[in-house]
$ cat protein09.pdb   # PDB, C-alpha atoms, pLDDT in the B column
ATOM      1  CA  LYS G   1      40.095-116.585 151.260  1.00 66.00           C
ATOM      2  CA  ALA G   2      38.478-113.602 149.594  1.00 80.00           C
ATOM      3  CA  GLY G   3      40.806-111.234 147.807  1.00 93.00           C
ATOM      4  CA  VAL G   4      41.092-107.481 148.035  1.00 96.00           C
ATOM      5  CA  THR G   5      37.835-105.819 147.112  1.00 97.00           C
ATOM      6  CA  GLN G   6      37.387-102.281 145.868  1.00 98.00           C
ATOM      7  CA  THR G   7      34.227-100.281 145.407  1.00 97.00           C
ATOM      8  CA  PRO G   8      32.977 -98.862 143.238  1.00 97.00           C
ATOM      9  CA  ARG G   9      34.592-100.467 140.206  1.00 96.00           C
ATOM     10  CA  TYR G  10      33.763 -97.574 137.901  1.00 97.00           C
ATOM     11  CA  LEU G  11      33.084 -93.950 138.607  1.00 96.00           C
ATOM     12  CA  ILE G  12      32.432 -90.900 136.460  1.00 98.00           C
ATOM     13  CA  LYS G  13      32.770 -87.454 137.963  1.00 97.00           C
ATOM     14  CA  THR G  14      33.122 -83.911 136.709  1.00 97.00           C
ATOM     15  CA  ARG G  15      35.894 -81.456 137.389  1.00 97.00           C
ATOM     16  CA  GLY G  16      35.720 -79.833 140.780  1.00 97.00           C
ATOM     17  CA  GLN G  17      33.806 -82.648 142.421  1.00 98.00           C
ATOM     18  CA  GLN G  18      35.227 -84.904 145.067  1.00 98.00           C
ATOM     19  CA  VAL G  19      35.277 -88.682 145.203  1.00 98.00           C
ATOM     20  CA  THR G  20      35.739 -91.394 147.824  1.00 98.00           C
ATOM     21  CA  LEU G  21      37.013 -94.849 146.948  1.00 98.00           C
ATOM     22  CA  SER G  22      36.865 -97.833 149.256  1.00 98.00           C
ATOM     23  CA  CYS G  23      39.121-100.832 149.781  1.00 98.00           C
ATOM     24  CA  SER G  24      38.625-103.937 151.897  1.00 98.00           C
ATOM     25  CA  PRO G  25      41.865-105.873 152.442  1.00 97.00           C
ATOM     26  CA  ILE G  26      42.259-109.609 152.618  1.00 95.00           C
ATOM     27  CA  SER G  27      41.068-110.907 155.954  1.00 95.00           C
ATOM     28  CA  GLY G  28      43.905-110.686 158.467  1.00 93.00           C
ATOM     29  CA  HIS G  29      45.879-108.156 156.457  1.00 93.00           C
ATOM     30  CA  ARG G  30      46.429-104.991 158.374  1.00 93.00           C
ATOM     31  CA  SER G  31      48.312-102.826 155.916  1.00 93.00           C
ATOM     32  CA  VAL G  32      46.792-101.118 152.904  1.00 95.00           C
ATOM     33  CA  SER G  33      48.577 -99.239 150.145  1.00 95.00           C
ATOM     34  CA  TRP G  34      47.090 -97.211 147.320  1.00 97.00           C
ATOM     35  CA  TYR G  35      48.474 -96.706 143.815  1.00 97.00           C
ATOM     36  CA  GLN G  36      47.421 -94.658 140.834  1.00 97.00           C
ATOM     37  CA  GLN G  37      47.795 -96.257 137.399  1.00 95.00           C
ATOM     38  CA  THR G  38      47.754 -94.134 134.243  1.00 94.00           C
ATOM     39  CA  PRO G  39      48.998 -94.860 130.717  1.00 90.00           C
ATOM     40  CA  GLY G  40      51.522 -92.055 130.893  1.00 88.00           C
ATOM     41  CA  GLN G  41      52.927 -92.379 134.386  1.00 90.00           C
ATOM     42  CA  GLY G  42      52.342 -96.065 135.028  1.00 92.00           C
ATOM     43  CA  LEU G  43      51.840 -97.192 138.617  1.00 94.00           C
ATOM     44  CA  GLN G  44      52.625 -94.605 141.247  1.00 95.00           C
ATOM     45  CA  PHE G  45      52.446 -94.996 144.994  1.00 93.00           C
ATOM     46  CA  LEU G  46      49.927 -92.811 146.802  1.00 96.00           C
ATOM     47  CA  PHE G  47      50.020 -93.834 150.472  1.00 92.00           C
ATOM     48  CA  GLU G  48      50.331 -96.694 152.921  1.00 93.00           C
ATOM     49  CA  TYR G  49      48.216 -97.197 156.037  1.00 94.00           C
ATOM     50  CA  PHE G  50      48.593 -99.394 159.078  1.00 92.00           C
ATOM     51  CA  SER G  51      46.716 -99.288 162.370  1.00 91.00           C
ATOM     52  CA  GLU G  52      44.690 -96.342 161.171  1.00 94.00           C
ATOM     53  CA  THR G  53      47.882 -94.327 160.626  1.00 93.00           C
ATOM     54  CA  GLN G  54      49.384 -93.121 157.393  1.00 93.00           C
ATOM     55  CA  ARG G  55      52.923 -94.469 157.282  1.00 90.00           C
ATOM     56  CA  ASN G  56      54.086 -93.198 153.940  1.00 87.00           C
ATOM     57  CA  LYS G  57      52.878 -90.839 151.276  1.00 92.00           C
ATOM     58  CA  GLY G  58      53.878 -90.555 147.662  1.00 92.00           C
ATOM     59  CA  ASN G  59      54.437 -87.404 145.690  1.00 92.00           C
ATOM     60  CA  PHE G  60      50.833 -86.350 145.191  1.00 95.00           C
ATOM     61  CA  PRO G  61      49.116 -83.053 146.044  1.00 96.00           C
ATOM     62  CA  GLY G  62      47.163 -82.596 149.230  1.00 95.00           C
ATOM     63  CA  ARG G  63      43.904 -83.101 147.314  1.00 97.00           C
ATOM     64  CA  PHE G  64      44.630 -86.803 147.689  1.00 97.00           C
ATOM     65  CA  SER G  65      43.980 -88.117 151.151  1.00 97.00           C
ATOM     66  CA  GLY G  66      43.069 -91.340 152.809  1.00 97.00           C
ATOM     67  CA  ARG G  67      42.246 -93.055 156.010  1.00 97.00           C
ATOM     68  CA  GLN G  68      42.060 -96.487 157.523  1.00 97.00           C
ATOM     69  CA  PHE G  69      39.475 -97.820 159.908  1.00 97.00           C
ATOM     70  CA  SER G  70      39.880-100.122 162.877  1.00 96.00           C
ATOM     71  CA  ASN G  71      38.798-103.112 160.764  1.00 95.00           C
ATOM     72  CA  SER G  72      41.666-102.306 158.330  1.00 96.00           C
ATOM     73  CA  ARG G  73      39.308-101.157 155.606  1.00 97.00           C
ATOM     74  CA  SER G  74      40.605 -98.056 153.878  1.00 98.00           C
ATOM     75  CA  GLU G  75      39.223 -95.168 151.914  1.00 98.00           C
ATOM     76  CA  MET G  76      40.890 -92.628 149.729  1.00 98.00           C
ATOM     77  CA  ASN G  77      39.469 -89.267 148.848  1.00 98.00           C
ATOM     78  CA  VAL G  78      40.275 -86.928 146.025  1.00 98.00           C
ATOM     79  CA  SER G  79      38.905 -83.408 146.312  1.00 95.00           C
ATOM     80  CA  THR G  80      38.524 -80.796 143.600  1.00 96.00           C
ATOM     81  CA  LEU G  81      38.914 -83.324 140.826  1.00 97.00           C
ATOM     82  CA  GLU G  82      40.983 -82.465 137.767  1.00 97.00           C
ATOM     83  CA  LEU G  83      40.949 -84.088 134.347  1.00 97.00           C
ATOM     84  CA  GLY G  84      44.381 -85.533 135.068  1.00 96.00           C
ATOM     85  CA  ASP G  85      43.011 -87.504 137.994  1.00 97.00           C
ATOM     86  CA  SER G  86      41.375 -89.906 135.560  1.00 98.00           C
ATOM     87  CA  ALA G  87      43.089 -93.185 136.321  1.00 98.00           C
ATOM     88  CA  LEU G  88      42.779 -96.669 137.688  1.00 96.00           C
ATOM     89  CA  TYR G  89      43.187 -96.542 141.458  1.00 98.00           C
ATOM     90  CA  LEU G  90      44.564 -99.737 142.917  1.00 97.00           C
ATOM     91  CA  CYS G  91      44.519-100.874 146.479  1.00 97.00           C
ATOM     92  CA  ALA G  92      46.962-103.462 147.770  1.00 95.00           C
ATOM     93  CA  SER G  93      46.940-105.238 151.102  1.00 94.00           C
ATOM     94  CA  SER G  94      49.656-106.977 153.035  1.00 91.00           C
ATOM     95  CA  LEU G  95      49.969-108.645 156.405  1.00 89.00           C
ATOM     96  CA  LEU G  96      52.133-105.972 157.944  1.00 82.00           C
ATOM     97  CA  PRO G  97      53.485-102.569 156.945  1.00 76.00           C
ATOM     98  CA  GLY G  98      56.502-102.816 154.755  1.00 70.00           C
ATOM     99  CA  SER G  99      55.623-106.430 154.124  1.00 65.00           C
ATOM    100  CA  ASN G 100      57.000-107.164 150.766  1.00 68.00           C
ATOM    101  CA  GLU G 101      54.201-109.234 149.374  1.00 83.00           C
ATOM    102  CA  GLN G 102      51.304-107.055 148.377  1.00 89.00           C
ATOM    103  CA  PHE G 103      48.039-108.378 146.977  1.00 92.00           C
ATOM    104  CA  PHE G 104      46.199-106.103 144.614  1.00 95.00           C
ATOM    105  CA  GLY G 105      42.520-105.481 144.142  1.00 96.00           C
ATOM    106  CA  PRO G 106      40.795-105.032 140.781  1.00 95.00           C
ATOM    107  CA  GLY G 107      40.906-101.263 141.025  1.00 96.00           C
ATOM    108  CA  THR G 108      38.444 -98.428 140.654  1.00 97.00           C
ATOM    109  CA  ARG G 109      38.364 -96.804 137.233  1.00 97.00           C
ATOM    110  CA  LEU G 110      37.793 -93.075 137.762  1.00 98.00           C
ATOM    111  CA  THR G 111      36.909 -90.898 134.802  1.00 98.00           C
ATOM    112  CA  VAL G 112      36.844 -87.139 135.280  1.00 97.00           C
ATOM    113  CA  LEU G 113      34.930 -85.172 132.651  1.00 96.00           C
TER     114      LEU G 113
ATOM    115  CA  ALA R   1      66.182 -90.863 142.421  1.00 77.00           C
ATOM    116  CA  GLN R   2      65.212 -94.432 143.012  1.00 83.00           C
ATOM    117  CA  SER R   3      63.672 -95.965 139.936  1.00 90.00           C
ATOM    118  CA  VAL R   4      62.846 -99.163 138.129  1.00 94.00           C
ATOM    119  CA  SER R   5      63.020 -99.241 134.351  1.00 95.00           C
ATOM    120  CA  GLN R   6      61.758-101.728 131.812  1.00 96.00           C
ATOM    121  CA  HIS R   7      63.424-101.813 128.450  1.00 87.00           C
ATOM    122  CA  ASN R   8      60.589-102.814 126.196  1.00 90.00           C
ATOM    123  CA  HIS R   9      57.228-101.140 125.880  1.00 93.00           C
ATOM    124  CA  HIS R  10      55.638-103.771 123.652  1.00 96.00           C
ATOM    125  CA  VAL R  11      56.891-107.228 122.734  1.00 97.00           C
ATOM    126  CA  ILE R  12      55.230-109.413 120.115  1.00 97.00           C
ATOM    127  CA  LEU R  13      56.069-113.108 119.978  1.00 97.00           C
ATOM    128  CA  SER R  14      54.714-116.224 118.376  1.00 97.00           C
ATOM    129  CA  GLU R  15      53.653-119.157 120.514  1.00 97.00           C
ATOM    130  CA  ALA R  16      56.545-121.369 121.626  1.00 97.00           C
ATOM    131  CA  ALA R  17      59.050-118.520 121.296  1.00 97.00           C
ATOM    132  CA  SER R  18      61.289-117.764 124.248  1.00 98.00           C
ATOM    133  CA  LEU R  19      60.715-114.640 126.294  1.00 97.00           C
ATOM    134  CA  GLU R  20      63.042-112.303 128.097  1.00 97.00           C
ATOM    135  CA  LEU R  21      61.831-109.004 129.498  1.00 97.00           C
ATOM    136  CA  GLY R  22      64.396-106.594 130.830  1.00 96.00           C
ATOM    137  CA  CYS R  23      64.238-104.787 134.142  1.00 96.00           C
ATOM    138  CA  ASN R  24      66.833-102.573 135.795  1.00 95.00           C
ATOM    139  CA  TYR R  25      66.668-100.953 139.180  1.00 92.00           C
ATOM    140  CA  SER R  26      68.438 -97.816 140.228  1.00 87.00           C
ATOM    141  CA  TYR R  27      68.939 -97.769 143.963  1.00 78.00           C
ATOM    142  CA  GLY R  28      71.222 -99.169 146.597  1.00 77.00           C
ATOM    143  CA  GLY R  29      70.551-100.772 149.924  1.00 73.00           C
ATOM    144  CA  THR R  30      67.904-103.424 150.266  1.00 74.00           C
ATOM    145  CA  VAL R  31      67.049-105.138 147.026  1.00 81.00           C
ATOM    146  CA  ASN R  32      63.552-106.536 147.023  1.00 88.00           C
ATOM    147  CA  LEU R  33      62.350-107.132 143.479  1.00 92.00           C
ATOM    148  CA  PHE R  34      59.125-108.391 141.987  1.00 94.00           C
ATOM    149  CA  TRP R  35      57.451-109.198 138.739  1.00 96.00           C
ATOM    150  CA  TYR R  36      53.716-108.684 138.516  1.00 96.00           C
ATOM    151  CA  VAL R  37      51.412-109.587 135.644  1.00 97.00           C
ATOM    152  CA  GLN R  38      48.154-107.965 134.643  1.00 95.00           C
ATOM    153  CA  TYR R  39      46.042-110.077 132.298  1.00 95.00           C
ATOM    154  CA  PRO R  40      43.422-108.207 130.245  1.00 91.00           C
ATOM    155  CA  GLY R  41      40.587-107.180 132.513  1.00 88.00           C
ATOM    156  CA  GLN R  42      42.164-108.710 135.598  1.00 90.00           C
ATOM    157  CA  HIS R  43      44.019-107.386 138.598  1.00 91.00           C
ATOM    158  CA  LEU R  44      47.752-107.380 139.200  1.00 94.00           C
ATOM    159  CA  GLN R  45      49.093-110.751 140.264  1.00 94.00           C
ATOM    160  CA  LEU R  46      52.496-111.583 141.675  1.00 93.00           C
ATOM    161  CA  LEU R  47      54.557-113.782 139.354  1.00 96.00           C
ATOM    162  CA  LEU R  48      57.688-114.048 141.462  1.00 94.00           C
ATOM    163  CA  LYS R  49      59.837-112.198 143.943  1.00 92.00           C
ATOM    164  CA  TYR R  50      63.444-111.933 145.017  1.00 92.00           C
ATOM    165  CA  PHE R  51      64.584-110.927 148.477  1.00 89.00           C
ATOM    166  CA  SER R  52      67.917-112.691 148.905  1.00 88.00           C
ATOM    167  CA  GLY R  53      69.639-116.007 148.330  1.00 91.00           C
ATOM    168  CA  ASP R  54      69.587-117.904 145.060  1.00 94.00           C
ATOM    169  CA  PRO R  55      69.580-115.266 142.318  1.00 94.00           C
ATOM    170  CA  LEU R  56      67.546-117.500 140.031  1.00 97.00           C
ATOM    171  CA  VAL R  57      63.955-117.291 141.145  1.00 96.00           C
ATOM    172  CA  LYS R  58      61.159-119.482 139.878  1.00 96.00           C
ATOM    173  CA  GLY R  59      57.617-118.247 139.841  1.00 95.00           C
ATOM    174  CA  ILE R  60      54.217-119.350 138.734  1.00 94.00           C
ATOM    175  CA  LYS R  61      53.217-120.448 135.232  1.00 94.00           C
ATOM    176  CA  GLY R  62      56.754-121.413 134.230  1.00 96.00           C
ATOM    177  CA  PHE R  63      58.269-117.953 134.652  1.00 97.00           C
ATOM    178  CA  GLU R  64      61.659-117.361 136.186  1.00 97.00           C
ATOM    179  CA  ALA R  65      63.850-114.345 136.789  1.00 98.00           C
ATOM    180  CA  GLU R  66      67.533-113.853 137.394  1.00 96.00           C
ATOM    181  CA  PHE R  67      68.920-111.232 139.731  1.00 94.00           C
ATOM    182  CA  ILE R  68      72.311-109.941 138.576  1.00 94.00           C
ATOM    183  CA  LYS R  69      73.653-107.544 141.159  1.00 91.00           C
ATOM    184  CA  SER R  70      76.528-106.273 139.026  1.00 92.00           C
ATOM    185  CA  LYS R  71      74.096-105.253 136.325  1.00 93.00           C
ATOM    186  CA  PHE R  72      71.336-104.011 138.633  1.00 93.00           C
ATOM    187  CA  SER R  73      69.044-106.243 136.630  1.00 95.00           C
ATOM    188  CA  PHE R  74      66.166-108.606 137.276  1.00 96.00           C
ATOM    189  CA  ASN R  75      65.103-109.976 133.903  1.00 97.00           C
ATOM    190  CA  LEU R  76      62.048-112.143 133.472  1.00 98.00           C
ATOM    191  CA  ARG R  77      62.241-115.252 131.311  1.00 98.00           C
ATOM    192  CA  LYS R  78      60.065-118.026 130.009  1.00 98.00           C
ATOM    193  CA  PRO R  79      61.374-120.733 127.665  1.00 97.00           C
ATOM    194  CA  SER R  80      58.185-121.118 125.633  1.00 97.00           C
ATOM    195  CA  VAL R  81      55.316-118.637 125.698  1.00 97.00           C
ATOM    196  CA  GLN R  82      51.673-119.438 125.154  1.00 97.00           C
ATOM    197  CA  TRP R  83      48.843-117.322 123.823  1.00 96.00           C
ATOM    198  CA  SER R  84      47.511-117.147 127.389  1.00 96.00           C
ATOM    199  CA  ASP R  85      50.658-115.261 128.440  1.00 97.00           C
ATOM    200  CA  THR R  86      49.367-112.185 126.601  1.00 97.00           C
ATOM    201  CA  ALA R  87      49.340-109.568 129.333  1.00 97.00           C
ATOM    202  CA  GLU R  88      51.181-106.579 130.708  1.00 96.00           C
ATOM    203  CA  TYR R  89      54.191-107.319 132.887  1.00 98.00           C
ATOM    204  CA  PHE R  90      55.470-104.990 135.568  1.00 97.00           C
ATOM    205  CA  CYS R  91      58.783-105.074 137.344  1.00 96.00           C
ATOM    206  CA  ALA R  92      58.781-103.490 140.804  1.00 94.00           C
ATOM    207  CA  GLY R  93      61.230-102.878 143.592  1.00 91.00           C
ATOM    208  CA  ASN R  94      61.185-101.911 147.226  1.00 87.00           C
ATOM    209  CA  PRO R  95      64.399-100.164 148.278  1.00 80.00           C
ATOM    210  CA  TRP R  96      63.251 -99.787 151.851  1.00 75.00           C
ATOM    211  CA  GLY R  97      62.919-103.430 152.764  1.00 68.00           C
ATOM    212  CA  GLY R  98      60.607-103.943 155.652  1.00 63.00           C
ATOM    213  CA  SER R  99      60.365-100.359 156.797  1.00 67.00           C
ATOM    214  CA  GLN R 100      58.128 -99.085 154.033  1.00 71.00           C
ATOM    215  CA  GLY R 101      55.689-100.856 151.805  1.00 74.00           C
ATOM    216  CA  ASN R 102      55.637 -98.606 148.798  1.00 83.00           C
ATOM    217  CA  LEU R 103      56.694-100.326 145.616  1.00 89.00           C
ATOM    218  CA  ILE R 104      58.409 -98.543 142.758  1.00 91.00           C
ATOM    219  CA  PHE R 105      57.083 -99.857 139.471  1.00 94.00           C
ATOM    220  CA  GLY R 106      58.522 -99.874 135.986  1.00 95.00           C
ATOM    221  CA  LYS R 107      56.295 -98.564 133.207  1.00 95.00           C
ATOM    222  CA  GLY R 108      55.324-102.060 132.155  1.00 96.00           C
ATOM    223  CA  THR R 109      55.848-104.219 129.079  1.00 97.00           C
ATOM    224  CA  LYS R 110      52.901-105.363 127.008  1.00 96.00           C
ATOM    225  CA  LEU R 111      53.383-108.867 125.706  1.00 97.00           C
ATOM    226  CA  SER R 112      51.298-110.012 122.756  1.00 97.00           C
ATOM    227  CA  VAL R 113      51.575-113.682 121.844  1.00 97.00           C
ATOM    228  CA  LYS R 114      50.332-114.647 118.406  1.00 96.00           C
ATOM    229  CA  PRO R 115      48.687-118.088 118.178  1.00 90.00           C
TER     230      PRO R 115
END
$ encode --input "protein09.pdb" --output "structure tokens"
Amino acid sequence: KAGVTQTPRYLIKTRGQQVTLSCSPISGHRSVSWYQQTPGQGLQFLFEYFSETQRNKGNFPGRFSGRQFSNSRSEMNVSTLELGDSALYLCASSLLPGSNEQFFGPGTRLTVL
Amino acid sequence: AQSVSQHNHHVILSEAASLELGCNYSYGGTVNLFWYVQYPGQHLQLLLKYFSGDPLVKGIKGFEAEFIKSKFSFNLRKPSVQWSDTAEYFCAGNPWGGSQGNLIFGKGTKLSVKP
């Protein structure tokens, strides 16, 4: 079974731009969660999606948004990028929302210059 | 606020030494706890998990963890580490059980094993 895939793996943007990251969950998994990983703050929850609906959102500004498609694939978008948005963005999939076993993808490394 | 804390930022051990990494959680209600590992250049992988039942949980690669409710702790142990255990280890918890999927992570502990 293929694991969680994320594209692109690396991304360089400049301040003020926007970016879209993509995540394909494990086949059959219907829930997708996103996390931001930085050296200072560690891993922080961004949002959780199921059935194309956002179920939960972490404590991030409205510049961070996401969506989920009918095939469970998910995208997250960050608008008006700031230097502090430089991070590794991780996607995790699970069978159902709130399912306690989450499988993580390799992440997208975003660098904002 | 709900939180998960890890005591050690960086641990350096020699091969064959015993390992114990501390983790404490600060929340009530449902206690779902996890240890994840991130090897250099690889993605997060689940080592073990605790939902209920036997407080001593065995995971992959010889790791185990003990849930001690009175101490709000979930420490990770391994009797004899190998160089290949060099990685970053994250403790995580889910206070919401099945209703929400967001995990609260500790800041991580980097383990360096000297050959």
$ resolve_selection --input "protein09.pdb" --expression "the PyMOL selection byres ((chain G and resi 13) around 6)" --output "VMD selection string"
chain G and resid 12 14 112
$ write_last_selection --input "protein09.pdb" --atoms "C-alpha atoms" --output "short mmCIF file (atom, residue, chain, number, x, y, z; two decimals), keeping the file's coordinate frame"
data_model
loop_
_atom_site.label_atom_id
_atom_site.label_comp_id
_atom_site.auth_asym_id
_atom_site.auth_seq_id
_atom_site.Cartn_x
_atom_site.Cartn_y
_atom_site.Cartn_z
CA ILE G 12 32.43 -90.90 136.46
CA THR G 14 33.12 -83.91 136.71
CA VAL G 112 36.84 -87.14 135.28
#
$ closest_residue --input "protein09.pdb" --among "G:Asn56, G:Gly3, G:Gly62, G:Glu75" --to "G:Gly28" --atoms "all atoms listed in the file"
G:Gly3
$ closest_atom_pairs --input "protein09.pdb" --of "chain G" --to "chain R" --cutoff "8 Å" --atoms "all atoms listed in the file" --output "JSON lines"
{"residue": "G:Ser33", "atom": "CA", "partner": "R:Asn102", "partner_atom": "CA", "distance": 7.2}
{"residue": "G:Gln41", "atom": "CA", "partner": "R:Lys107", "partner_atom": "CA", "distance": 7.1}
{"residue": "G:Gly42", "atom": "CA", "partner": "R:Lys107", "partner_atom": "CA", "distance": 5.0}
{"residue": "G:Leu43", "atom": "CA", "partner": "R:Phe105", "partner_atom": "CA", "distance": 5.9}
{"residue": "G:Gln44", "atom": "CA", "partner": "R:Phe105", "partner_atom": "CA", "distance": 7.1}
{"residue": "G:Phe45", "atom": "CA", "partner": "R:Asn102", "partner_atom": "CA", "distance": 6.1}
{"residue": "G:Phe47", "atom": "CA", "partner": "R:Asn102", "partner_atom": "CA", "distance": 7.6}
{"residue": "G:Glu48", "atom": "CA", "partner": "R:Gly101", "partner_atom": "CA", "distance": 6.9}
{"residue": "G:Arg55", "atom": "CA", "partner": "R:Gln100", "partner_atom": "CA", "distance": 7.7}
{"residue": "G:Asn56", "atom": "CA", "partner": "R:Gln100", "partner_atom": "CA", "distance": 7.1}
{"residue": "G:Pro97", "atom": "CA", "partner": "R:Gly101", "partner_atom": "CA", "distance": 5.8}
{"residue": "G:Gly98", "atom": "CA", "partner": "R:Gly101", "partner_atom": "CA", "distance": 3.6}
{"residue": "G:Ser99", "atom": "CA", "partner": "R:Gly98", "partner_atom": "CA", "distance": 5.8}
{"residue": "G:Asn100", "atom": "CA", "partner": "R:Gly101", "partner_atom": "CA", "distance": 6.5}
{"residue": "G:Phe103", "atom": "CA", "partner": "R:Gln45", "partner_atom": "CA", "distance": 7.2}
{"residue": "G:Phe104", "atom": "CA", "partner": "R:Leu44", "partner_atom": "CA", "distance": 5.8}
{"residue": "G:Gly105", "atom": "CA", "partner": "R:His43", "partner_atom": "CA", "distance": 6.1}
{"residue": "G:Pro106", "atom": "CA", "partner": "R:His43", "partner_atom": "CA", "distance": 4.5}
{"residue": "G:Gly107", "atom": "CA", "partner": "R:His43", "partner_atom": "CA", "distance": 7.3}
$ atom_distance --input "protein09.pdb" --atom1 "atom CA of G:Arg30" --atom2 "atom CA of G:Thr7"
18.4 Å
$ atom_distance --input "protein09.pdb" --atom1 "atom CA of G:Thr53" --atom2 "atom CA of R:Ser3"
26.1 Å
$ atom_distance --input "protein09.pdb" --atom1 "atom CA of G:Val78" --atom2 "atom CA of G:Leu46"
11.3 Å
$ resolve_selection --input "protein09.pdb" --expression "the PyMOL selection byres ((chain R and resi 88) around 7)" --output "CSV table (one decimal) with C-alpha atoms, in the coordinates of the input"
chain,number,residue,atom,x,y,z
R,37,VAL,CA,51.4,-109.6,135.6
R,38,GLN,CA,48.2,-108.0,134.6
R,39,TYR,CA,46.0,-110.1,132.3
R,87,ALA,CA,49.3,-109.6,129.3
R,89,TYR,CA,54.2,-107.3,132.9
R,90,PHE,CA,55.5,-105.0,135.6
R,108,GLY,CA,55.3,-102.1,132.2
R,109,THR,CA,55.8,-104.2,129.1
R,110,LYS,CA,52.9,-105.4,127.0
R,111,LEU,CA,53.4,-108.9,125.7
$ resolve_selection --input "protein09.pdb" --expression "the PyMOL selection byres ((chain G and resi 82) around 7)" --output "list in words"
Arg15, Gly16, Thr80, Leu81, Leu83, Gly84, Asp85 and Val112 of chain G
$ residues_near_point --input "protein09.pdb" --point "(37.9, -84.0, 147.9)" --cutoff "7 Å" --atoms "all atoms listed in the file" --output "list in words"
Gln17, Gln18, Val19, Arg63, Asn77, Val78, Ser79 and Thr80 of chain G
$ residues_around --input "protein09.pdb" --residues "R:Ser26" --least-positions-apart "2" --cutoff "8 Å" --atoms "all atoms listed in the file" --output "MDAnalysis selection string"
chainID R and resid 1:4 24 28 72
